[in-house]
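What's in input.cif: mmCIF, C-alpha atoms and all ligand atoms
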data_coords
#
loop_
_atom_site.label_atom_id
_atom_site.label_comp_id
_atom_site.auth_asym_id
_atom_site.auth_seq_id
_atom_site.Cartn_x
_atom_site.Cartn_y
_atom_site.Cartn_z
CA MET A 1 0.00 0.00 0.00
CA ALA A 2 1.42 3.36 -1.03
CA THR A 3 1.80 5.83 1.84
CA ILE A 4 1.30 9.59 1.70
CA TYR A 5 4.26 11.15 3.48
CA PRO A 6 3.48 13.89 6.00
CA LYS A 7 4.69 17.46 5.40
CA TYR A 8 6.12 18.86 8.62
CA THR A 9 4.84 22.20 9.84
CA ASP A 10 7.28 24.75 11.28
CA ALA A 11 6.19 23.64 14.77
CA GLU A 12 6.85 19.99 13.94
CA LEU A 13 10.30 20.91 12.61
CA LYS A 14 10.97 22.92 15.78
CA ALA A 15 10.07 19.87 17.86
CA LEU A 16 12.93 18.14 16.03
CA SER A 17 15.17 21.17 16.78
CA LEU A 18 15.15 22.11 13.09
CA GLU A 19 14.32 25.46 11.56
CA ARG A 20 12.98 25.64 8.03
CA GLY A 21 15.16 28.60 7.04
CA ALA A 22 18.31 26.83 8.22
CA LEU A 23 17.81 23.66 6.19
CA PRO A 24 20.00 22.87 3.19
CA LYS A 25 18.25 23.08 -0.20
CA HIS A 26 20.24 20.27 -1.79
CA ILE A 27 21.82 17.38 0.11
CA GLY A 28 24.20 14.77 -1.27
CA ILE A 29 24.69 11.49 0.58
CA ILE A 30 27.53 9.00 0.23
CA MET A 31 25.79 5.89 1.56
CA ASP A 32 28.76 4.05 3.02
CA GLY A 33 29.02 1.16 5.45
CA ASN A 34 26.56 -1.42 4.11
CA GLY A 35 29.33 -4.04 3.95
CA ARG A 36 30.49 -3.39 7.52
CA TRP A 37 26.91 -3.49 8.79
CA ALA A 38 26.51 -6.95 7.22
CA LYS A 39 29.91 -8.19 8.42
CA LYS A 40 29.09 -7.26 12.03
CA ARG A 41 26.05 -9.53 11.75
CA LEU A 42 27.87 -12.33 9.89
CA LEU A 43 25.59 -11.70 6.92
CA PRO A 44 26.51 -11.51 3.21
CA ARG A 45 27.31 -8.00 1.88
CA SER A 46 24.11 -8.13 -0.19
CA ALA A 47 22.14 -8.16 3.09
CA GLY A 48 23.92 -4.93 4.01
CA HIS A 49 22.88 -3.34 0.71
CA ARG A 50 19.29 -4.48 1.29
CA ALA A 51 19.35 -2.85 4.73
CA GLY A 52 20.84 0.23 3.04
CA MET A 53 17.93 0.29 0.63
CA GLU A 54 15.51 0.29 3.59
CA ALA A 55 17.45 3.16 5.19
CA LEU A 56 17.25 5.05 1.89
CA ARG A 57 13.45 4.76 1.93
CA GLY A 58 13.49 6.51 5.31
CA VAL A 59 15.89 9.20 4.07
CA VAL A 60 13.70 10.00 1.04
CA ARG A 61 10.61 10.13 3.20
CA PHE A 62 12.20 12.37 5.82
CA SER A 63 13.65 14.67 3.13
CA HIS A 64 10.17 15.07 1.67
CA SER A 65 8.60 15.68 5.08
CA ALA A 66 11.20 18.27 6.05
CA GLY A 67 10.73 20.10 2.74
CA ILE A 68 14.25 19.53 1.36
CA GLU A 69 14.29 20.56 -2.32
CA ALA A 70 16.82 18.10 -3.70
CA LEU A 71 18.49 14.90 -2.53
CA THR A 72 21.29 13.18 -4.45
CA VAL A 73 22.46 9.75 -3.36
CA TYR A 74 25.58 7.92 -4.51
CA ALA A 75 24.29 4.45 -5.35
CA PHE A 76 26.99 3.13 -7.71
CA SER A 77 30.24 4.79 -8.71
CA THR A 78 32.31 4.30 -11.86
CA GLU A 79 34.83 2.59 -9.53
CA ASN A 80 32.28 0.13 -8.08
CA TRP A 81 32.68 -2.10 -11.17
CA ARG A 82 35.85 -3.34 -9.41
CA ARG A 83 33.69 -5.20 -6.87
CA PRO A 84 32.99 -8.96 -7.19
CA LYS A 85 30.41 -9.76 -9.87
CA LEU A 86 28.17 -11.42 -7.30
CA GLU A 87 27.95 -8.18 -5.31
CA ILE A 88 27.40 -6.04 -8.42
CA ASP A 89 24.58 -8.39 -9.53
CA ALA A 90 23.02 -8.20 -6.05
CA LEU A 91 23.19 -4.37 -6.11
CA PHE A 92 21.54 -4.21 -9.52
CA SER A 93 18.76 -6.56 -8.57
CA LEU A 94 18.13 -4.36 -5.52
CA LEU A 95 17.93 -1.34 -7.80
CA VAL A 96 15.40 -3.13 -10.02
CA GLU A 97 13.41 -4.07 -6.91
CA TYR A 98 13.60 -0.53 -5.54
CA PHE A 99 12.33 1.19 -8.69
CA HIS A 100 9.71 -1.49 -9.24
CA LYS A 101 8.34 -1.33 -5.70
CA GLU A 102 8.79 2.34 -4.84
CA ILE A 103 7.78 4.15 -8.01
CA GLU A 104 4.08 4.33 -7.20
CA GLU A 105 4.64 5.76 -3.72
CA LEU A 106 7.33 8.20 -4.91
CA ASP A 107 5.07 9.42 -7.72
CA LEU A 108 2.09 9.72 -5.38
CA ASN A 109 4.19 11.97 -3.15
CA GLY A 110 5.25 14.21 -6.02
CA VAL A 111 8.89 13.07 -6.03
CA ARG A 112 10.82 13.84 -9.24
CA ILE A 113 13.34 11.14 -10.06
CA ARG A 114 16.47 11.74 -12.07
CA MET A 115 19.49 9.53 -12.79
CA LEU A 116 22.94 11.07 -12.70
CA GLY A 117 25.62 9.10 -14.52
CA ASP A 118 26.23 6.93 -17.55
CA THR A 119 23.33 4.50 -17.54
CA SER A 120 24.15 3.22 -21.05
CA ALA A 121 26.22 0.44 -19.43
CA PHE A 122 23.14 -1.09 -17.74
CA SER A 123 20.92 -3.96 -18.84
CA PRO A 124 17.97 -2.99 -21.10
CA LYS A 125 15.61 -4.11 -18.30
CA LEU A 126 17.16 -1.77 -15.72
CA ARG A 127 17.40 1.09 -18.25
CA GLU A 128 13.74 0.73 -19.16
CA LEU A 129 12.72 0.73 -15.50
CA MET A 130 14.81 3.83 -14.83
CA ASP A 131 13.64 5.65 -17.95
CA ASN A 132 10.03 4.91 -16.96
CA ALA A 133 10.62 6.21 -13.41
CA VAL A 134 12.15 9.43 -14.77
CA GLU A 135 9.45 9.88 -17.42
CA ARG A 136 6.58 9.12 -15.05
CA THR A 137 7.72 11.64 -12.43
CA LYS A 138 9.22 14.39 -14.61
CA ASN A 139 6.31 16.81 -14.14
CA ASN A 140 6.08 16.36 -10.37
CA HIS A 141 6.87 19.32 -8.13
CA GLY A 142 8.07 17.70 -4.91
CA LEU A 143 11.46 16.46 -3.76
CA MET A 144 14.00 16.22 -6.58
CA PHE A 145 15.46 12.78 -5.94
CA ASN A 146 18.64 12.09 -7.90
CA VAL A 147 20.26 8.68 -7.99
CA ALA A 148 23.93 8.77 -8.97
CA LEU A 149 24.51 5.52 -10.82
CA ASN A 150 27.67 4.62 -12.72
CA TYR A 151 28.56 8.15 -11.69
CA GLY A 152 32.01 9.69 -11.38
CA GLY A 153 32.67 13.38 -10.78
CA ARG A 154 35.74 13.49 -13.02
CA ALA A 155 33.94 11.69 -15.87
CA GLU A 156 31.09 14.19 -15.47
CA ILE A 157 33.47 17.14 -15.93
CA VAL A 158 35.15 15.40 -18.90
CA ASN A 159 31.69 14.91 -20.47
CA ALA A 160 30.85 18.58 -19.97
CA ALA A 161 34.12 19.56 -21.70
CA LYS A 162 33.32 17.23 -24.61
CA LYS A 163 29.85 18.75 -24.95
CA LEU A 164 31.31 22.27 -25.10
CA VAL A 165 33.65 21.21 -27.90
CA GLU A 166 30.91 19.32 -29.77
CA GLU A 167 28.64 22.37 -29.55
CA GLY A 168 31.47 24.57 -30.86
CA VAL A 169 31.30 26.95 -27.88
CA PRO A 170 34.13 29.50 -28.30
CA ALA A 171 36.74 29.58 -25.50
CA ASP A 172 35.82 33.12 -24.38
CA GLU A 173 32.21 32.02 -23.80
CA ILE A 174 33.19 29.16 -21.48
CA ASP A 175 32.54 30.19 -17.91
CA GLU A 176 31.47 28.36 -14.74
CA ALA A 177 27.80 28.50 -15.72
CA ALA A 178 28.59 27.01 -19.15
CA ILE A 179 30.19 24.02 -17.42
CA SER A 180 27.47 23.72 -14.71
CA ASP A 181 24.80 23.66 -17.42
CA ARG A 182 26.44 20.60 -18.96
CA LEU A 183 26.80 18.57 -15.77
CA TYR A 184 24.28 15.86 -14.83
CA THR A 185 23.04 18.19 -12.07
CA SER A 186 22.11 20.98 -14.48
CA GLY A 187 19.10 22.93 -13.19
CA LEU A 188 19.36 21.60 -9.61
CA PRO A 189 20.07 23.93 -6.66
CA GLU A 190 23.66 24.26 -5.37
CA VAL A 191 24.70 21.33 -3.18
CA ASP A 192 24.67 22.83 0.32
CA LEU A 193 25.51 19.74 2.34
CA ILE A 194 27.29 16.47 1.67
CA ILE A 195 26.85 13.70 4.23
CA ARG A 196 29.09 10.64 4.33
CA THR A 197 28.25 7.78 6.66
CA ALA A 198 30.47 5.07 8.17
CA GLY A 199 33.37 7.21 9.36
CA GLU A 200 35.22 7.74 6.06
CA LYS A 201 36.23 11.31 5.29
CA ARG A 202 36.61 11.33 1.51
CA LEU A 203 34.60 12.57 -1.44
CA SER A 204 35.36 9.47 -3.56
CA ASN A 205 34.68 11.23 -6.88
CA PHE A 206 31.17 12.38 -5.80
CA LEU A 207 29.90 15.79 -7.02
CA LEU A 208 33.45 17.16 -7.39
CA TYR A 209 32.51 20.35 -9.26
CA GLN A 210 29.32 20.89 -7.25
CA ALA A 211 31.05 20.51 -3.86
CA ALA A 212 33.05 23.76 -4.24
CA TYR A 213 31.18 25.49 -1.39
CA SER A 214 29.33 22.55 0.20
CA GLU A 215 29.43 21.91 3.90
CA PHE A 216 30.38 18.37 4.95
CA CYS A 217 29.00 16.15 7.65
CA PHE A 218 30.85 12.95 8.43
CA THR A 219 29.10 10.54 10.74
CA ASP A 220 30.28 7.20 12.12
CA THR A 221 26.78 5.74 11.68
CA LEU A 222 26.74 2.95 9.10
CA PHE A 223 24.27 3.73 6.32
CA PRO A 224 21.77 0.95 7.21
CA ASP A 225 21.54 2.56 10.69
CA PHE A 226 21.17 6.09 9.28
CA ASP A 227 17.68 6.80 10.60
CA SER A 228 15.81 10.09 11.04
CA ASN A 229 17.69 10.79 14.32
CA ALA A 230 21.07 10.46 12.60
CA TYR A 231 19.79 12.54 9.65
CA CYS A 232 18.47 15.25 12.01
CA ALA A 233 21.85 15.37 13.80
CA CYS A 234 23.53 16.22 10.44
CA LEU A 235 20.91 18.87 9.67
CA LYS A 236 21.43 20.43 13.10
CA GLU A 237 25.21 20.43 12.59
CA TYR A 238 24.69 22.14 9.21
CA ALA A 239 22.47 24.80 10.78
CA LEU A 240 25.35 25.79 13.11
CA ARG A 241 27.82 26.37 10.28
CA THR A 242 28.59 29.89 9.09
CA ARG A 243 28.76 29.81 5.33
CA ARG A 244 31.05 32.46 3.94
CA PHE A 245 31.51 31.53 0.26
CA GLY A 246 34.98 33.10 0.34
CA ARG A 247 33.84 36.33 1.99
CA ALA A 248 35.31 37.75 5.21
CA LEU A 249 32.95 37.69 8.18
C1 LIG A 301 28.74 1.54 0.07
O1 LIG A 301 28.83 0.63 1.15
C2 LIG A 301 27.46 1.43 -0.60
C3 LIG A 301 27.27 1.15 -1.92
C4 LIG A 301 28.38 0.89 -2.87
C5 LIG A 301 25.94 1.01 -2.50
C6 LIG A 301 24.84 1.88 -1.94
C7 LIG A 301 23.59 1.17 -2.24
C8 LIG A 301 22.47 1.15 -1.48
C9 LIG A 301 22.25 1.97 -0.27
C10 LIG A 301 21.40 0.20 -1.88
C11 LIG A 301 20.26 0.63 -2.60
C12 LIG A 301 20.33 1.82 -3.48
C13 LIG A 301 19.27 2.21 -4.21
C14 LIG A 301 19.29 3.50 -4.98
C15 LIG A 301 18.05 1.41 -4.26
P1 LIG A 301 30.00 -0.43 1.15
O2 LIG A 301 29.52 -1.68 0.52
O3 LIG A 301 31.22 0.14 0.48
O4 LIG A 301 30.25 -0.61 2.68
P2 LIG A 301 31.64 -0.96 3.39
O5 LIG A 301 32.55 0.21 3.15
O6 LIG A 301 31.25 -1.10 4.82
O7 LIG A 301 32.14 -2.23 2.78
#
Written as C-alpha cells, how would this file's structure read?
Ligand code: FPP
Amino acid sequence: MATIYPKYTDAELKALSLERGALPKHIGIIMDGNGRWAKKRLLPRSAGHRAGMEALRGVVRFSHSAGIEALTVYAFSTENWRRPKLEIDALFSLLVEYFHKEIEELDLNGVRIRMLGDTSAFSPKLRELMDNAVERTKNNHGLMFNVALNYGGRAEIVNAAKKLVEEGVPADEIDEAAISDRLYTSGLPEVDLIIRTAGEKRLSNFLLYQAAYSEFCFTDTLFPDFDSNAYCACLKEYALRTRRFGRAL
C-alpha cells in the first residue's frame, strides 16, 4: 500500500530542533558502510545493501517531510565495477526491486526522479525501468530525488568539456555557468551539504565540481543505521555552520 508522506509544519520541525530557514536546499549522501553493517552480523554483503535500501526509503521520506528541495544519493560509482560480480549483480537486482516497488509511492508523493551518470552500461531491463521512473515523475513538483549511478565526478566534468567542444562553444564564452549547465546536475540547486556515513572522510569522486562550497557532515553511523535521528543530527550540525563563500565575516 502506497503511503502519503506527512509534510512537517514549522512547529513539527521545531520539535525536532530544526528550523525551516536553516535547512539545506540540496543534500548529497555517500551511503557508506553497508558491507560493515553486514559483516558485524555475519551476513553476506548483499544483506547490508538491502538494509541500506531500507534506510534510503526513510531518508527519502524524511527529506520530503522536512521540505528539502533536492536529494542526491551515490548508489553506484564508476569505480564500483571493481567489486565482485556477485555483489554487483546483487546491487543491480536491488535497484530493479527498488524502482519497481517504490515508483508508485514516490510518484504519489510528487517526487521527481532523475538519474545522474552513464546509464548506457546497464541492462535494457534496468534502463527501461529507470527511464520509466524518470518519465513518469518528470512533471512532479516535490522532492528532486537524484540517484547517482555509474557516476564519477571526473567523468562528469570530462563529459561537460566534450559537450562544449561538440557544440562549438568559443573559449571566451566558457565560464562556470557554461560548465554547470552541462553537468548531470544541471538545473538543480547548489549542493549545500554532503553527508558521508560510516566514518570515512573522503569525497570518492562524488559531485566534485558541485562541492566547491558545500558543507560536509561525516558521521560514524553505518548507512543501514542512518535513521531520522542520525539525519536530524547532520541537519542540526549544518544549521550551526557559518557559510562564507569566500567572503570575510
Ligand atoms: C557503500 O557501502 C554502498 C554502496 C556501494 C551502494 C549503496 C547502495 C544502497 C544503499 C542500496 C540501494 C540503493 C538504491 C538507490 C536502491 P560499502 O559496501 O562500500 O560498505 P563498506 O565500506 O562497509 O564495505
May I have the centre and edge lengths, in Å to one decimal, of an axis-aligned box around the listed atoms of ligand LIG 301 (chain A) with 5 Å added to every side, as JSON?
{"center_x": 25.3, "center_y": 0.6, "center_z": -0.1, "size_x": 24.5, "size_y": 15.7, "size_z": 19.8}
(request) Quote the spacing between atom CA of Asp10 of chain A and atom CA of Thr242 of chain A in Å to one decimal place. (result)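 These atoms are spaced 22.0 Å apart.
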(message) List as a list in words the protein and nucleic acid residues near Ala11 of chain A, meaning an atom at most 12 Å away when all atoms listed in the file are counted, but skip any in the same chain fewer than 5 places from it.
(response)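 Once the nearby chain positions are removed, what remains is Leu16, Ser17, Leu18, Glu19, Arg20 and Ala66 of chain A.
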(request) With a distance cut-off of 6 Å and only C-alpha atoms, select the neighbouring residues of segment 33-46 of chain A, excluding the residue or stretch itself and same-chain residues fewer than 5 positions from it, and output the selection as a VMD selection string. (result) chain A and resid 90 198 222 to 223
Ligand LIG 301 (chain A): which residues are within 8 Å, counting only C-alpha atoms and all ligand atoms? Reply as an mmCIF file with C-alpha atoms, in the coordinates of the input.
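Done, and the output landed in pocket.cif:
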data_model
loop_
_atom_site.group_PDB
_atom_site.id
_atom_site.type_symbol
_atom_site.label_atom_id
_atom_site.label_comp_id
_atom_site.auth_asym_id
_atom_site.auth_seq_id
_atom_site.Cartn_x
_atom_site.Cartn_y
_atom_site.Cartn_z
ATOM 1 C CA ILE A 30 27.530 9.000 0.230
ATOM 2 C CA MET A 31 25.790 5.890 1.560
ATOM 3 C CA ASP A 32 28.760 4.050 3.020
ATOM 4 C CA GLY A 33 29.020 1.160 5.450
ATOM 5 C CA ASN A 34 26.560 -1.420 4.110
ATOM 6 C CA GLY A 35 29.330 -4.040 3.950
ATOM 7 C CA ARG A 36 30.490 -3.390 7.520
ATOM 8 C CA TRP A 37 26.910 -3.490 8.790
ATOM 9 C CA ALA A 38 26.510 -6.950 7.220
ATOM 10 C CA ARG A 45 27.310 -8.000 1.880
ATOM 11 C CA GLY A 48 23.920 -4.930 4.010
ATOM 12 C CA HIS A 49 22.880 -3.340 0.710
ATOM 13 C CA ARG A 50 19.290 -4.480 1.290
ATOM 14 C CA ALA A 51 19.350 -2.850 4.730
ATOM 15 C CA GLY A 52 20.840 0.230 3.040
ATOM 16 C CA MET A 53 17.930 0.290 0.630
ATOM 17 C CA GLU A 54 15.510 0.290 3.590
ATOM 18 C CA ALA A 55 17.450 3.160 5.190
ATOM 19 C CA LEU A 56 17.250 5.050 1.890
ATOM 20 C CA VAL A 73 22.460 9.750 -3.360
ATOM 21 C CA TYR A 74 25.580 7.920 -4.510
ATOM 22 C CA ALA A 75 24.290 4.450 -5.350
ATOM 23 C CA PHE A 76 26.990 3.130 -7.710
ATOM 24 C CA SER A 77 30.240 4.790 -8.710
ATOM 25 C CA ASN A 80 32.280 0.130 -8.080
ATOM 26 C CA LEU A 91 23.190 -4.370 -6.110
ATOM 27 C CA LEU A 94 18.130 -4.360 -5.520
ATOM 28 C CA LEU A 95 17.930 -1.340 -7.800
ATOM 29 C CA VAL A 96 15.400 -3.130 -10.020
ATOM 30 C CA GLU A 97 13.410 -4.070 -6.910
ATOM 31 C CA TYR A 98 13.600 -0.530 -5.540
ATOM 32 C CA PHE A 99 12.330 1.190 -8.690
ATOM 33 C CA VAL A 147 20.260 8.680 -7.990
ATOM 34 C CA ALA A 198 30.470 5.070 8.170
ATOM 35 C CA LEU A 222 26.740 2.950 9.100
ATOM 36 C CA PHE A 223 24.270 3.730 6.320
ATOM 37 C CA PRO A 224 21.770 0.950 7.210
#
(request) Using all atoms listed in the file, pick whichever of A:Met130, A:Leu86, A:Ile174, A:Val191 has the shortest atom-to-atom distance to Ile103 of chain A. (result)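 Ranking A:Met130, A:Leu86, A:Ile174, A:Val191 by distance to Ile103 of chain A, first place goes to A:Met130.
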(request) Give the answer as one residue: which of A:Ile113, A:Ser180, A:Glu105, A:His100 has the shortest atom-to-atom distance to Lys125 of chain A, using all atoms listed in the file? (result) A:His100
(message) One decimal, in Å: what's the spacing between atom CA of Glu79 of chain A and atom CA of Gly152 of chain A?
(response) 7.9 Å
(request) Mind giving me the straight-line distance from atom CA of Glu167 of chain A to atom CA of Thr185 of chain A in Å, one decimal? (result)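 Calculated distance between atom CA of Glu167 of chain A and atom CA of Thr185 of chain A is 18.8 Å.
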(request) Would you mind listing what lies within 12 Å of Ala212 of chain A as a list in words, with all atoms listed in the file counted and same-chain residues fewer than 6 positions away left out? (result) Glu176, Ser180, Glu190, Val191, Asp192, Leu193, Ile194, Leu203, Phe206, Phe245 and Gly246 of chain A
(request) Would you mind telling me which residue in A:Asp225, A:Tyr213, A:Leu208, A:Val111 lies nearest to Arg244 of chain A when using all atoms listed in the file? (result)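 Nearest candidate to Arg244 of chain A out of A:Asp225, A:Tyr213, A:Leu208, A:Val111: A:Tyr213.
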(message) Could you check the closest approach to Val60 of chain A for each of A:Phe122, A:Phe226, A:Tyr184, A:Phe92 and tell me which residue wins, using all atoms listed in the file?
(response)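 Ranked by minimum distance to Val60 of chain A, first place goes to A:Phe226.
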Need the neighbours of (11.5, 17.0, -6.1): which residues are at most 7 Å away, counting all atoms listed in the file, as a short mmCIF file (atom, residue, chain, number, x, y, z; two decimals) with C-alpha atoms, in the frame of the given file?
data_model
loop_
_atom_site.label_atom_id
_atom_site.label_comp_id
_atom_site.auth_asym_id
_atom_site.auth_seq_id
_atom_site.Cartn_x
_atom_site.Cartn_y
_atom_site.Cartn_z
CA GLU A 69 14.29 20.56 -2.32
CA ALA A 70 16.82 18.10 -3.70
CA GLY A 110 5.25 14.21 -6.02
CA VAL A 111 8.89 13.07 -6.03
CA ARG A 112 10.82 13.84 -9.24
CA ASN A 140 6.08 16.36 -10.37
CA HIS A 141 6.87 19.32 -8.13
CA GLY A 142 8.07 17.70 -4.91
CA LEU A 143 11.46 16.46 -3.76
CA MET A 144 14.00 16.22 -6.58
CA PHE A 145 15.46 12.78 -5.94
#
(message) Within 10 Å of (22.5, 24.4, 2.3) in the file's own coordinates, which protein, DNA or RNA residues have an atom, counting only C-alpha atoms? List them as number ranges by chain.
(response) A: 21-27, 68, 189-194, 213-215, 235, 238-239, 241, 243
(message) Which residue is closest to Gly199 of chain A? Choose from A:Thr78, A:Thr221, A:Ser186, A:Ser65 and count only C-alpha atoms.
(response) A:Thr221
(message) Using only C-alpha atoms for the distances, tell me which of A:Thr219, A:Thr9, A:Asn205, A:Thr119 is nearest to Ile157 of chain A.
(response)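 Closest candidate: A:Asn205.
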